[in-house]
>>> print(open('final-v8.cif').read())   # mmCIF, C-alpha atoms
data_start
#
loop_
_atom_site.label_atom_id
_atom_site.label_comp_id
_atom_site.auth_asym_id
_atom_site.auth_seq_id
_atom_site.Cartn_x
_atom_site.Cartn_y
_atom_site.Cartn_z
CA MET A 1 -41.94 27.27 -77.17
CA PRO A 2 -38.30 26.19 -76.85
CA THR A 3 -36.83 24.32 -73.92
CA LEU A 4 -33.35 24.00 -72.50
CA GLN A 5 -32.41 20.61 -71.22
CA GLY A 6 -29.29 19.30 -69.51
CA ILE A 7 -28.78 15.55 -69.38
CA ASP A 8 -26.27 13.90 -67.02
CA LEU A 9 -23.79 16.77 -67.22
CA THR A 10 -20.33 16.18 -65.81
CA CYS A 11 -17.60 18.77 -65.43
CA ILE A 12 -13.96 17.86 -64.88
CA ARG A 13 -11.34 20.52 -64.23
CA GLY A 14 -7.81 19.14 -64.29
CA ASP A 15 -8.20 15.85 -62.44
CA ARG A 16 -10.95 17.08 -60.13
CA LYS A 17 -14.56 16.28 -60.76
CA LEU A 18 -16.59 19.41 -60.03
CA PHE A 19 -20.01 17.92 -60.52
CA SER A 20 -21.63 14.96 -62.22
CA GLY A 21 -25.10 13.74 -63.06
CA VAL A 22 -26.66 17.19 -63.31
CA ASN A 23 -30.08 17.05 -64.94
CA PHE A 24 -32.59 19.81 -65.51
CA LEU A 25 -35.32 20.93 -67.83
CA LEU A 26 -36.09 24.60 -68.25
CA GLU A 27 -39.24 25.66 -70.00
CA SER A 28 -40.57 28.92 -71.30
CA GLY A 29 -41.23 31.39 -68.48
CA GLY A 30 -38.91 29.52 -66.12
CA LEU A 31 -36.04 30.74 -64.00
CA MET A 32 -33.30 28.42 -62.84
CA GLN A 33 -31.09 29.60 -60.04
CA VAL A 34 -27.82 27.70 -59.78
CA GLN A 35 -26.61 27.59 -56.20
CA GLY A 36 -23.55 26.28 -54.45
CA PRO A 37 -20.46 27.36 -52.54
CA ASN A 38 -17.48 29.04 -54.21
CA GLY A 39 -15.64 26.68 -56.51
CA SER A 40 -18.54 24.26 -56.89
CA GLY A 41 -18.66 24.77 -60.65
CA LYS A 42 -21.44 27.32 -61.11
CA THR A 43 -19.54 29.37 -63.67
CA SER A 44 -18.31 26.19 -65.38
CA LEU A 45 -21.90 25.01 -65.72
CA LEU A 46 -23.03 28.33 -67.18
CA ARG A 47 -20.12 28.33 -69.65
CA MET A 48 -21.21 24.88 -70.75
CA LEU A 49 -24.80 26.01 -71.16
CA CYS A 50 -23.81 28.85 -73.41
CA GLY A 51 -21.50 26.69 -75.49
CA LEU A 52 -18.11 28.14 -74.51
CA ALA A 53 -17.03 24.86 -72.93
CA SER A 54 -18.20 21.34 -73.62
CA PRO A 55 -19.26 18.95 -70.87
CA ALA A 56 -16.99 15.98 -70.13
CA GLU A 57 -20.07 13.79 -70.25
CA GLY A 58 -23.71 14.33 -71.01
CA GLU A 59 -25.33 16.73 -73.40
CA ILE A 60 -27.18 20.02 -73.53
CA ARG A 61 -30.21 20.32 -75.76
CA TRP A 62 -31.99 23.39 -76.99
CA ASP A 63 -35.43 22.47 -78.23
CA GLY A 64 -34.39 18.83 -78.42
CA THR A 65 -31.27 19.41 -80.52
CA GLN A 66 -27.70 19.40 -79.20
CA ILE A 67 -26.38 22.96 -78.94
CA ARG A 68 -23.08 21.92 -80.58
CA SER A 69 -24.85 21.13 -83.82
CA LEU A 70 -27.04 24.26 -83.67
CA GLY A 71 -24.09 26.67 -83.60
CA GLY A 72 -25.08 30.16 -84.67
CA ASP A 73 -28.82 29.48 -84.41
CA TYR A 74 -28.43 28.83 -80.71
CA PHE A 75 -26.17 31.85 -80.18
CA GLY A 76 -28.83 33.98 -81.83
CA ALA A 77 -31.39 32.89 -79.23
CA MET A 78 -29.16 33.32 -76.19
CA THR A 79 -27.46 36.13 -74.31
CA TYR A 80 -24.66 35.38 -71.88
CA LEU A 81 -23.40 37.91 -69.36
CA GLY A 82 -20.32 36.57 -67.66
CA HIS A 83 -18.11 37.73 -64.81
CA LEU A 84 -16.21 39.87 -67.25
CA GLY A 85 -18.61 42.42 -68.58
CA GLY A 86 -17.00 42.92 -71.96
CA VAL A 87 -16.83 46.66 -71.35
CA LYS A 88 -13.91 48.38 -73.08
CA ASP A 89 -12.16 51.07 -71.02
CA ASP A 90 -11.42 53.30 -73.98
CA LEU A 91 -14.92 53.33 -75.43
CA THR A 92 -17.83 55.37 -74.13
CA ALA A 93 -20.84 53.73 -72.50
CA ILE A 94 -22.94 54.12 -75.61
CA GLU A 95 -20.24 52.80 -77.94
CA ASN A 96 -19.79 49.81 -75.65
CA LEU A 97 -23.49 49.05 -75.69
CA ARG A 98 -23.88 49.46 -79.43
CA ILE A 99 -20.88 47.30 -80.24
CA SER A 100 -21.78 44.48 -77.87
CA SER A 101 -25.33 44.52 -79.23
CA ALA A 102 -23.97 44.36 -82.77
CA LEU A 103 -21.89 41.34 -81.74
CA GLY A 104 -25.08 39.77 -80.45
CA GLY A 105 -26.66 40.32 -83.84
CA VAL A 106 -28.79 43.40 -83.07
CA ASP A 107 -28.05 46.65 -84.85
CA LEU A 108 -28.92 49.19 -82.18
CA ASP A 109 -29.42 52.75 -83.35
CA GLU A 110 -28.22 55.69 -81.30
CA ARG A 111 -31.67 56.60 -79.98
CA LYS A 112 -32.48 53.12 -78.70
CA ALA A 113 -29.06 52.82 -77.10
CA HIS A 114 -29.66 56.13 -75.32
CA ALA A 115 -33.03 54.89 -74.09
CA ALA A 116 -31.56 51.64 -72.80
CA LEU A 117 -28.79 53.42 -70.89
CA GLN A 118 -31.30 55.92 -69.54
CA HIS A 119 -33.42 53.06 -68.28
CA MET A 120 -30.39 51.59 -66.51
CA GLY A 121 -29.86 54.88 -64.71
CA LEU A 122 -26.92 56.04 -66.78
CA GLY A 123 -28.62 59.07 -68.31
CA GLY A 124 -26.11 61.87 -68.83
CA ARG A 125 -23.14 59.51 -68.64
CA GLU A 126 -23.51 57.97 -72.08
CA LEU A 127 -20.56 59.82 -73.52
CA LEU A 128 -18.09 59.16 -70.72
CA PRO A 129 -15.35 56.63 -71.40
CA ALA A 130 -15.97 53.45 -69.44
CA LYS A 131 -12.71 53.80 -67.52
CA VAL A 132 -14.08 56.72 -65.49
CA LEU A 133 -17.25 54.83 -64.57
CA SER A 134 -17.52 53.06 -61.24
CA GLN A 135 -17.70 49.28 -60.96
CA GLY A 136 -21.46 49.38 -60.49
CA GLN A 137 -21.95 51.73 -63.42
CA ARG A 138 -19.88 49.47 -65.68
CA ARG A 139 -22.11 46.61 -64.60
CA ARG A 140 -25.13 48.68 -65.58
CA VAL A 141 -23.66 49.19 -69.05
CA THR A 142 -23.30 45.41 -69.36
CA LEU A 143 -26.84 44.82 -68.15
CA ALA A 144 -28.23 47.36 -70.61
CA ARG A 145 -27.56 44.72 -73.27
CA LEU A 146 -30.45 42.73 -71.85
CA LEU A 147 -32.83 45.56 -72.75
CA ALA A 148 -31.64 45.57 -76.32
CA CYS A 149 -30.96 41.94 -77.12
CA GLY A 150 -34.43 40.45 -77.71
CA THR A 151 -33.25 36.87 -77.11
CA VAL A 152 -35.28 34.12 -75.42
CA LEU A 153 -32.67 32.63 -73.12
CA TRP A 154 -30.57 34.71 -70.73
CA ILE A 155 -27.62 33.15 -68.96
CA LEU A 156 -26.47 35.47 -66.20
CA ASP A 157 -23.40 34.87 -64.05
CA GLU A 158 -23.68 36.90 -60.85
CA PRO A 159 -25.59 39.77 -62.45
CA LEU A 160 -26.05 41.57 -59.14
CA THR A 161 -22.44 42.00 -58.03
CA ALA A 162 -21.41 45.60 -57.39
CA LEU A 163 -24.95 46.88 -57.87
CA ASP A 164 -26.71 49.18 -55.38
CA THR A 165 -30.24 48.49 -54.15
CA SER A 166 -31.96 50.59 -56.79
CA ALA A 167 -30.07 48.79 -59.56
CA VAL A 168 -30.92 45.43 -58.03
CA LYS A 169 -34.59 46.46 -58.21
CA LEU A 170 -34.12 47.41 -61.87
CA VAL A 171 -32.62 44.01 -62.66
CA GLN A 172 -35.43 42.27 -60.79
CA GLY A 173 -37.91 44.21 -62.91
CA LEU A 174 -36.07 43.20 -66.08
CA ILE A 175 -36.10 39.56 -65.06
CA GLU A 176 -39.78 39.60 -64.14
CA ARG A 177 -40.76 41.21 -67.42
CA HIS A 178 -38.65 38.77 -69.40
CA LEU A 179 -40.25 35.77 -67.71
CA GLU A 180 -43.73 37.20 -68.20
CA HIS A 181 -43.08 37.39 -71.91
CA GLY A 182 -42.15 33.73 -71.98
CA GLY A 183 -38.37 34.12 -71.73
CA MET A 184 -36.06 31.79 -69.83
CA ILE A 185 -33.26 32.62 -67.44
CA VAL A 186 -30.42 30.66 -65.91
CA MET A 187 -28.58 32.63 -63.28
CA THR A 188 -26.26 32.39 -60.32
CA THR A 189 -26.37 34.79 -57.43
CA HIS A 190 -25.39 34.84 -53.80
CA GLN A 191 -27.89 37.55 -53.04
CA GLU A 192 -31.49 36.88 -52.18
CA ILE A 193 -33.65 37.85 -55.09
CA GLU A 194 -37.41 37.87 -55.10
CA ILE A 195 -39.12 37.31 -58.39
CA ALA A 196 -42.86 37.67 -58.37
CA GLY A 197 -45.02 35.09 -60.05
CA ALA A 198 -42.32 32.92 -61.53
CA ALA A 199 -41.59 29.25 -61.25
CA ILE A 200 -38.10 29.21 -59.73
CA GLN A 201 -36.10 26.04 -59.97
CA ARG A 202 -33.09 25.76 -57.77
CA LEU A 203 -30.16 23.67 -58.89
CA GLN A 204 -27.82 22.88 -56.03
CA LEU A 205 -24.19 22.10 -56.82
CA THR A 206 -22.09 20.72 -54.00
CA MET B 1 -20.82 43.24 -88.51
CA PHE B 2 -17.52 42.84 -90.30
CA PHE B 3 -17.35 46.63 -90.58
CA TRP B 4 -18.44 47.12 -86.97
CA ILE B 5 -15.46 45.14 -85.78
CA ILE B 6 -13.02 47.00 -88.04
CA ARG B 7 -14.48 50.32 -86.95
CA ARG B 8 -14.26 49.34 -83.31
CA ASP B 9 -10.62 48.26 -83.55
CA LEU B 10 -9.66 51.39 -85.44
CA LEU B 11 -11.48 53.51 -82.85
CA LEU B 12 -9.63 51.74 -80.06
CA ALA B 13 -6.32 52.24 -81.87
CA ALA B 14 -7.12 55.93 -82.29
CA ARG B 15 -7.75 56.25 -78.55
CA ARG B 16 -4.46 54.50 -77.75
CA ARG B 17 -2.17 56.02 -80.28
CA SER B 18 0.95 55.07 -78.30
CA ASP B 19 0.53 51.40 -79.25
CA VAL B 20 0.50 52.23 -82.95
CA LEU B 21 3.38 54.65 -82.72
CA THR B 22 5.60 52.21 -80.80
CA THR B 23 5.38 49.69 -83.63
CA LEU B 24 6.11 52.29 -86.28
CA PHE B 25 9.03 53.81 -84.40
CA PHE B 26 10.47 50.37 -83.69
CA PHE B 27 10.46 49.75 -87.44
CA ILE B 28 12.05 53.12 -88.21
CA ILE B 29 14.77 52.74 -85.58
CA VAL B 30 15.72 49.17 -86.48
CA VAL B 31 15.97 50.01 -90.18
CA SER B 32 17.99 53.15 -89.44
CA LEU B 33 20.44 51.40 -87.11
CA PHE B 34 21.97 49.28 -89.86
CA PRO B 35 23.42 52.10 -92.00
CA LEU B 36 24.82 53.64 -88.82
CA GLY B 37 26.39 50.37 -87.72
CA VAL B 38 27.68 49.18 -91.05
CA GLY B 39 28.97 52.54 -92.22
CA PRO B 40 28.42 54.44 -95.48
CA GLU B 41 29.42 51.60 -97.78
CA MET B 42 26.91 52.24 -100.57
CA ASN B 43 27.30 48.96 -102.44
CA MET B 44 26.91 46.86 -99.33
CA LEU B 45 23.91 48.87 -98.12
CA ARG B 46 22.16 48.50 -101.45
CA VAL B 47 22.52 44.71 -101.25
CA MET B 48 21.43 44.55 -97.63
CA ALA B 49 18.45 46.89 -97.88
CA PRO B 50 15.57 44.55 -98.87
CA GLY B 51 16.50 41.95 -96.28
CA VAL B 52 16.91 44.49 -93.49
CA VAL B 53 13.64 46.28 -94.22
CA TRP B 54 11.74 43.03 -94.46
CA VAL B 55 13.19 41.56 -91.26
CA ALA B 56 12.39 44.80 -89.44
CA ALA B 57 8.83 44.65 -90.80
CA LEU B 58 8.42 41.06 -89.54
CA LEU B 59 9.64 41.99 -86.08
CA ALA B 60 7.56 45.15 -85.92
CA SER B 61 4.35 43.41 -86.92
CA MET B 62 5.08 40.68 -84.41
CA LEU B 63 5.58 43.21 -81.66
CA SER B 64 1.91 44.10 -81.78
CA LEU B 65 0.52 40.58 -82.21
CA GLY B 66 0.13 40.05 -78.48
CA ARG B 67 -2.39 42.87 -78.30
CA MET B 68 -4.54 41.49 -81.10
CA PHE B 69 -6.75 39.32 -78.90
CA SER B 70 -5.39 39.69 -75.38
CA SER B 71 -7.25 42.86 -74.36
CA ASP B 72 -10.52 41.43 -75.69
CA TYR B 73 -9.75 38.24 -73.80
CA LEU B 74 -9.10 40.03 -70.53
CA ASP B 75 -12.25 42.16 -70.54
CA GLY B 76 -14.61 39.46 -71.78
CA THR B 77 -15.31 40.86 -75.25
CA LEU B 78 -13.78 37.76 -76.80
CA GLU B 79 -16.38 35.56 -75.09
CA GLN B 80 -19.04 37.71 -76.70
CA MET B 81 -17.41 37.29 -80.09
CA LEU B 82 -17.36 33.52 -79.69
CA LEU B 83 -21.03 33.54 -78.73
CA SER B 84 -22.01 35.82 -81.56
CA PRO B 85 -24.50 34.50 -84.10
CA GLN B 86 -22.24 36.07 -86.72
CA SER B 87 -19.57 33.88 -88.26
CA LEU B 88 -16.43 33.85 -86.13
CA PRO B 89 -13.97 33.51 -89.04
CA LEU B 90 -15.46 36.67 -90.51
CA LEU B 91 -14.98 38.51 -87.21
CA VAL B 92 -11.39 37.26 -87.09
CA LEU B 93 -10.83 38.45 -90.64
CA GLY B 94 -12.10 41.86 -89.57
CA LYS B 95 -9.73 41.95 -86.63
CA ALA B 96 -6.77 40.88 -88.79
CA LEU B 97 -7.65 43.54 -91.33
CA ALA B 98 -7.83 46.18 -88.61
CA HIS B 99 -4.47 44.98 -87.28
CA TRP B 100 -3.00 45.38 -90.76
CA LEU B 101 -4.48 48.85 -91.21
CA VAL B 102 -3.01 49.93 -87.89
CA THR B 103 0.42 48.28 -88.03
CA GLY B 104 1.01 47.14 -91.62
CA VAL B 105 -0.03 50.18 -93.62
CA PRO B 106 2.19 52.67 -91.74
CA LEU B 107 5.18 50.37 -92.40
CA VAL B 108 4.36 50.24 -96.10
CA LEU B 109 4.09 54.01 -96.26
CA MET B 110 7.33 54.51 -94.34
CA ALA B 111 9.40 51.98 -96.29
CA PRO B 112 10.22 54.13 -99.35
CA VAL B 113 11.45 56.94 -97.11
CA LEU B 114 13.66 54.58 -95.14
CA GLY B 115 14.88 52.93 -98.34
CA ILE B 116 16.57 56.18 -99.32
CA GLN B 117 19.07 55.66 -96.50
CA TYR B 118 20.23 52.56 -98.38
CA ASP B 119 20.66 54.37 -101.67
CA LEU B 120 18.05 52.24 -103.43
CA THR B 121 17.05 53.20 -106.94
CA ASN B 122 13.52 54.41 -107.62
CA ASP B 123 12.56 51.13 -109.23
CA ALA B 124 13.85 49.14 -106.27
CA LEU B 125 11.95 51.42 -103.85
CA LEU B 126 8.78 50.86 -105.82
CA VAL B 127 9.20 47.10 -105.81
CA LEU B 128 10.06 47.12 -102.09
CA THR B 129 6.89 49.05 -101.27
CA ALA B 130 4.75 46.86 -103.50
CA SER B 131 6.17 43.69 -101.97
CA LEU B 132 5.45 45.03 -98.48
CA LEU B 133 1.94 45.96 -99.54
CA LEU B 134 1.30 42.37 -100.62
CA GLY B 135 3.25 40.75 -97.81
CA THR B 136 2.26 42.62 -94.64
CA PRO B 137 -1.41 41.46 -94.70
CA VAL B 138 -0.08 37.90 -94.74
CA LEU B 139 1.90 38.71 -91.59
CA SER B 140 -1.24 39.91 -89.80
CA LEU B 141 -3.26 36.90 -90.93
CA ILE B 142 -0.68 34.29 -89.97
CA GLY B 143 0.12 36.18 -86.79
CA ALA B 144 -3.53 35.96 -85.76
CA ILE B 145 -3.22 32.17 -85.60
CA GLY B 146 -0.22 32.42 -83.28
CA ALA B 147 -1.87 35.09 -81.14
CA ALA B 148 -5.00 32.94 -80.79
CA LEU B 149 -3.06 29.81 -79.85
CA THR B 150 -1.03 31.52 -77.13
CA LEU B 151 -3.94 33.41 -75.63
CA GLY B 152 -3.92 33.47 -71.85
CA LEU B 153 -0.61 31.61 -71.56
CA ARG B 154 2.16 32.87 -69.36
CA GLY B 155 5.13 33.95 -71.47
CA GLY B 156 2.87 33.92 -74.51
CA GLY B 157 4.86 36.75 -76.08
CA VAL B 158 7.99 34.66 -76.54
CA LEU B 159 6.02 31.61 -77.58
CA VAL B 160 4.18 33.53 -80.25
CA SER B 161 7.46 34.53 -81.89
CA LEU B 162 8.66 30.93 -81.87
CA LEU B 163 5.41 29.80 -83.45
CA VAL B 164 4.97 32.54 -85.98
CA LEU B 165 8.46 33.50 -87.17
CA PRO B 166 9.12 30.18 -88.96
CA LEU B 167 5.80 30.64 -90.79
CA TYR B 168 6.90 34.11 -91.87
CA ILE B 169 10.01 32.75 -93.63
CA PRO B 170 8.43 32.19 -97.09
CA VAL B 171 7.04 35.73 -97.07
CA LEU B 172 10.47 37.07 -96.09
CA ILE B 173 12.28 35.12 -98.81
CA PHE B 174 9.98 36.15 -101.62
CA GLY B 175 9.43 39.68 -100.35
CA ALA B 176 13.13 40.46 -100.13
CA GLY B 177 13.77 38.34 -103.21
CA ALA B 178 11.45 40.51 -105.28
CA VAL B 179 13.64 43.56 -104.75
CA GLU B 180 16.84 41.66 -105.42
CA ALA B 181 15.43 40.18 -108.61
CA SER B 182 14.34 43.56 -109.84
CA THR B 183 17.75 45.17 -109.17
CA ALA B 184 19.42 42.22 -110.92
CA GLY B 185 17.22 42.97 -113.94
CA LEU B 186 15.24 39.72 -113.75
CA GLY B 187 11.90 41.37 -113.04
CA ALA B 188 9.95 40.97 -109.83
CA GLY B 189 6.87 39.41 -111.43
CA ALA B 190 7.42 35.84 -110.28
CA HIS B 191 8.12 36.84 -106.69
CA MET B 192 5.12 39.14 -106.62
CA SER B 193 2.86 36.41 -107.96
CA LEU B 194 4.01 34.09 -105.20
CA LEU B 195 3.42 36.79 -102.57
CA GLY B 196 -0.06 37.29 -104.00
CA ALA B 197 -0.65 33.55 -103.80
CA PHE B 198 0.41 33.56 -100.14
CA LEU B 199 -1.99 36.40 -99.50
CA LEU B 200 -4.93 34.60 -101.11
CA ALA B 201 -4.17 31.32 -99.37
CA SER B 202 -3.88 32.97 -95.97
CA LEU B 203 -7.03 35.05 -96.56
CA VAL B 204 -8.95 31.82 -97.00
CA LEU B 205 -7.25 29.57 -94.44
CA ALA B 206 -6.01 31.77 -91.60
CA PRO B 207 -9.39 33.09 -90.34
CA TRP B 208 -10.75 29.55 -90.00
CA THR B 209 -7.64 28.27 -88.24
CA THR B 210 -7.69 31.28 -85.93
CA ALA B 211 -11.37 30.77 -85.12
CA VAL B 212 -10.74 27.15 -84.16
CA SER B 213 -7.70 28.14 -82.06
CA LEU B 214 -9.76 30.76 -80.24
CA ARG B 215 -12.43 28.23 -79.34
CA ILE B 216 -9.75 25.89 -78.01
CA SER B 217 -8.03 28.66 -76.05
CA LEU B 218 -11.22 29.74 -74.34
CA GLU B 219 -12.51 26.31 -73.41
#
>>> encode(input="final-v8.cif", output="structure tokens")
Amino acid sequence: MPTLQGIDLTCIRGDRKLFSGVNFLLESGGLMQVQGPNGSGKTSLLRMLCGLASPAEGEIRWDGTQIRSLGGDYFGAMTYLGHLGGVKDDLTAIENLRISSALGGVDLDERKAHAALQHMGLGGRELLPAKVLSQGQRRRVTLARLLACGTVLWILDEPLTALDTSAVKLVQGLIERHLEHGGMIVMTTHQEIEIAGAAIQRLQLT
Amino acid sequence: MFFWIIRRDLLLAARRRSDVLTTLFFFIIVVSLFPLGVGPEMNMLRVMAPGVVWVAALLASMLSLGRMFSSDYLDGTLEQMLLSPQSLPLLVLGKALAHWLVTGVPLVLMAPVLGIQYDLTNDALLVLTASLLLGTPVLSLIGAIGAALTLGLRGGGVLVSLLVLPLYIPVLIFGAGAVEASTAGLGAGAHMSLLGAFLLASLVLAPWTTAVSLRISLE
């Protein structure tokens, strides 16, 4: 089973050092929650982990190999949901889901996309353009990708913002099921989240 | 995947028709202003025509460059593209192709109609259209590099024209030159071959350069 390892990671923004000497090892079935006050570099760390930014020092290894040299192989094993959901205003919920899944390398047919949206509580709203959806509903469209992606590693940046309690429960269920099946998750959240039966590591950034 | 991205961009363009129409009408108006300003001096208009149409095509295709990546950048879709297991240059090629279909092709189709205002002969109109058909994809491909480099910058719109317009010059010279050569009776073959060479070179090089620029812009 693969592992994700960070070794002596340092992040510098402008001339300010956000964090340095961050080490962690995440194994199959593990959840790492990145904590810290606003501006402590949580999003920067997640962007490094998914390969959008490179660390000023240190290295990130997937299964013992640097993610830089893995390229597309790593991207195929990882799903990143950032602050920006990647939901297009002019496309309908189902088009958004199918296109973002296709970008992630999964060709989602209409029926499966319907099922995923239904599961996220968007049944009956699949054909509405995203611009008429509420903030929370747009978030649900983004999160529906997790149902369809089939990747091992999920990197989630504040997945619970704008969600109501029932949606938070849904996401918790998704996370629990993913971990049970041997998946790995790195996430940030300011909300308390209870995950049953999982080894939760907490990474504190100051 | 390549077709997904083209389909998506065409779908988006179809839902926001105003963007497409602005570019086309800009082209039509600019080209039509010259005969009105210069007056009905047929000989002068005939000489000016290829240059005017080509310059207007450059400006019109540049007008829409800003939108090529910026909306994807703002809503986070671009991050997804960069993290896609699919090859990024291929995605970029798809986006450039969609940009050409939406902005370039209407210009090509409109050019022969507008050329009539300049009293161009049928042969010259044909050569003008053919040169635009070969040249406008180059504009989209080179423009993608500029759009990627200026992504997320303030005042990126002006910067992109400063970056990209000098690179458009060879296409302008040989595109307009093709029509002039054909009216002078020299044959447009040489100019067309050069335009074709530009197209092939930019098809190979521009998507890679754009992909690298996008990674730099998003870091």
>>> resolve_selection(input="final-v8.cif", expression="the PyMOL selection byres ((chain A) within 12 of (chain B))", output="NGL selection string")
:A and (13 or 44 or 47-56 or 67-68 or 70-92 or 95-108 or 129-130 or 138 or 142 or 145 or 149 or 151 or 155)
>>> atom_distance(input="final-v8.cif", atom1="atom CA of Ile145 of chain B", atom2="atom CA of Ala57 of chain B")
18.1 Å
>>> residues_around(input="final-v8.cif", residues="Ala96 of chain B", least_positions_apart="4", cutoff="12 Å", atoms="only C-alpha atoms", output="JSON, numbers by chain")
{"B": [2, 5, 6, 9, 10, 61, 64, 65, 67, 68, 69, 89, 90, 91, 92, 100, 101, 102, 103, 104, 136, 137, 138, 139, 140, 141, 142, 143, 144, 145, 147, 148, 202, 203, 206, 207, 210, 211]}
>>> closest_residue(input="final-v8.cif", among="B:Val108, B:Leu214, B:Val31, B:Leu194", to="Ile173 of chain B", atoms="all atoms listed in the file")
B:Leu194
>>> residues_around(input="final-v8.cif", residues="Met110 of chain B", least_positions_apart="3", cutoff="10 Å", atoms="all atoms listed in the file", output="CSV table (one decimal) with C-alpha atoms, in the coordinates of the input")
chain,number,residue,atom,x,y,z
B,24,LEU,CA,6.1,52.3,-86.3
B,27,PHE,CA,10.5,49.8,-87.4
B,28,ILE,CA,12.0,53.1,-88.2
B,105,VAL,CA,0.0,50.2,-93.6
B,106,PRO,CA,2.2,52.7,-91.7
B,107,LEU,CA,5.2,50.4,-92.4
B,113,VAL,CA,11.4,56.9,-97.1
B,114,LEU,CA,13.7,54.6,-95.1
B,115,GLY,CA,14.9,52.9,-98.3
B,129,THR,CA,6.9,49.0,-101.3
>>> atom_distance(input="final-v8.cif", atom1="atom CA of Ala201 of chain B", atom2="atom CA of Pro50 of chain B")
23.8 Å
>>> resolve_selection(input="final-v8.cif", expression="the PyMOL selection byres ((chain A and resi 26) around 7)", output="NGL selection string")
:A and (3-5 or 24-25 or 27-28 or 30)
>>> atom_distance(input="final-v8.cif", atom1="atom CA of Leu125 of chain B", atom2="atom CA of Leu186 of chain B")
15.7 Å
>>> residues_around(input="final-v8.cif", residues="Met48 of chain B", least_positions_apart="3", cutoff="12 Å", atoms="all atoms listed in the file", output="mmCIF file with C-alpha atoms, keeping the file's coordinate frame")
data_model
loop_
_atom_site.group_PDB
_atom_site.id
_atom_site.type_symbol
_atom_site.label_atom_id
_atom_site.label_comp_id
_atom_site.auth_asym_id
_atom_site.auth_seq_id
_atom_site.Cartn_x
_atom_site.Cartn_y
_atom_site.Cartn_z
ATOM 1 C CA VAL B 31 15.970 50.010 -90.180
ATOM 2 C CA PHE B 34 21.970 49.280 -89.860
ATOM 3 C CA PRO B 35 23.420 52.100 -92.000
ATOM 4 C CA VAL B 38 27.680 49.180 -91.050
ATOM 5 C CA GLU B 41 29.420 51.600 -97.780
ATOM 6 C CA MET B 42 26.910 52.240 -100.570
ATOM 7 C CA ASN B 43 27.300 48.960 -102.440
ATOM 8 C CA MET B 44 26.910 46.860 -99.330
ATOM 9 C CA LEU B 45 23.910 48.870 -98.120
ATOM 10 C CA GLY B 51 16.500 41.950 -96.280
ATOM 11 C CA VAL B 52 16.910 44.490 -93.490
ATOM 12 C CA VAL B 53 13.640 46.280 -94.220
ATOM 13 C CA TRP B 54 11.740 43.030 -94.460
ATOM 14 C CA VAL B 55 13.190 41.560 -91.260
ATOM 15 C CA GLY B 115 14.880 52.930 -98.340
ATOM 16 C CA GLN B 117 19.070 55.660 -96.500
ATOM 17 C CA TYR B 118 20.230 52.560 -98.380
ATOM 18 C CA ASP B 119 20.660 54.370 -101.670
ATOM 19 C CA LEU B 120 18.050 52.240 -103.430
ATOM 20 C CA ALA B 176 13.130 40.460 -100.130
ATOM 21 C CA GLY B 177 13.770 38.340 -103.210
ATOM 22 C CA VAL B 179 13.640 43.560 -104.750
ATOM 23 C CA GLU B 180 16.840 41.660 -105.420
#
>>> resolve_selection(input="final-v8.cif", expression="the PyMOL selection byres ((chain A and resi 57) around 9)", output="ChimeraX atom specification")
/A:7-11,20-21,54-56,58-59
>>> closest_residue(input="final-v8.cif", among="A:Gly36, A:Leu174, A:Lys169, A:Leu205", to="Ile193 of chain A", atoms="all atoms listed in the file")
A:Lys169
>>> residues_near_point(input="final-v8.cif", point="(16.2, 46.6, -81.4)", cutoff="10 Å", atoms="all atoms listed in the file", output="list in words")
Phe26, Phe27, Ile29, Val30, Val31, Leu33, Ala56, Leu59 and Ala60 of chain B
>>> write_last_selection(input="final-v8.cif", atoms="C-alpha atoms", output="short mmCIF file (atom, residue, chain, number, x, y, z; two decimals), in the coordinates of the input")
data_model
loop_
_atom_site.label_atom_id
_atom_site.label_comp_id
_atom_site.auth_asym_id
_atom_site.auth_seq_id
_atom_site.Cartn_x
_atom_site.Cartn_y
_atom_site.Cartn_z
CA PHE B 26 10.47 50.37 -83.69
CA PHE B 27 10.46 49.75 -87.44
CA ILE B 29 14.77 52.74 -85.58
CA VAL B 30 15.72 49.17 -86.48
CA VAL B 31 15.97 50.01 -90.18
CA LEU B 33 20.44 51.40 -87.11
CA ALA B 56 12.39 44.80 -89.44
CA LEU B 59 9.64 41.99 -86.08
CA ALA B 60 7.56 45.15 -85.92
#
>>> closest_residue(input="final-v8.cif", among="B:Leu97, B:Ala190, B:Leu159, B:Ala178", to="Ser131 of chain B", atoms="only C-alpha atoms")
B:Ala178
>>> axis_aligned_box(input="final-v8.cif", around="segment 26-40 of chain A", padding_each_side="3 Å", output="lines of an AutoDock Vina configuration file")
center_x = -28.4
center_y = 27.8
center_z = -61.9
size_x = 31.6
size_y = 13.1
size_z = 24.8
>>> closest_residue(input="final-v8.cif", among="B:Leu134, B:Ile169, B:Val20, B:Val127", to="Leu58 of chain B", atoms="all atoms listed in the file")
B:Ile169
>>> residues_around(input="final-v8.cif", residues="Gly66 of chain B", least_positions_apart="4", cutoff="8 Å", atoms="only C-alpha atoms", output="list in words")
Met62, Ser70, Ala147, Gly156, Gly157 and Val160 of chain B
>>> write_last_selection(input="final-v8.cif", atoms="C-alpha atoms", output="PDB file, keeping the file's coordinate frame")
ATOM      1  CA  MET B  62       5.080  40.680 -84.410  1.00  0.00           C
ATOM      2  CA  SER B  70      -5.390  39.690 -75.380  1.00  0.00           C
ATOM      3  CA  ALA B 147      -1.870  35.090 -81.140  1.00  0.00           C
ATOM      4  CA  GLY B 156       2.870  33.920 -74.510  1.00  0.00           C
ATOM      5  CA  GLY B 157       4.860  36.750 -76.080  1.00  0.00           C
ATOM      6  CA  VAL B 160       4.180  33.530 -80.250  1.00  0.00           C
TER       7      VAL B 160
END
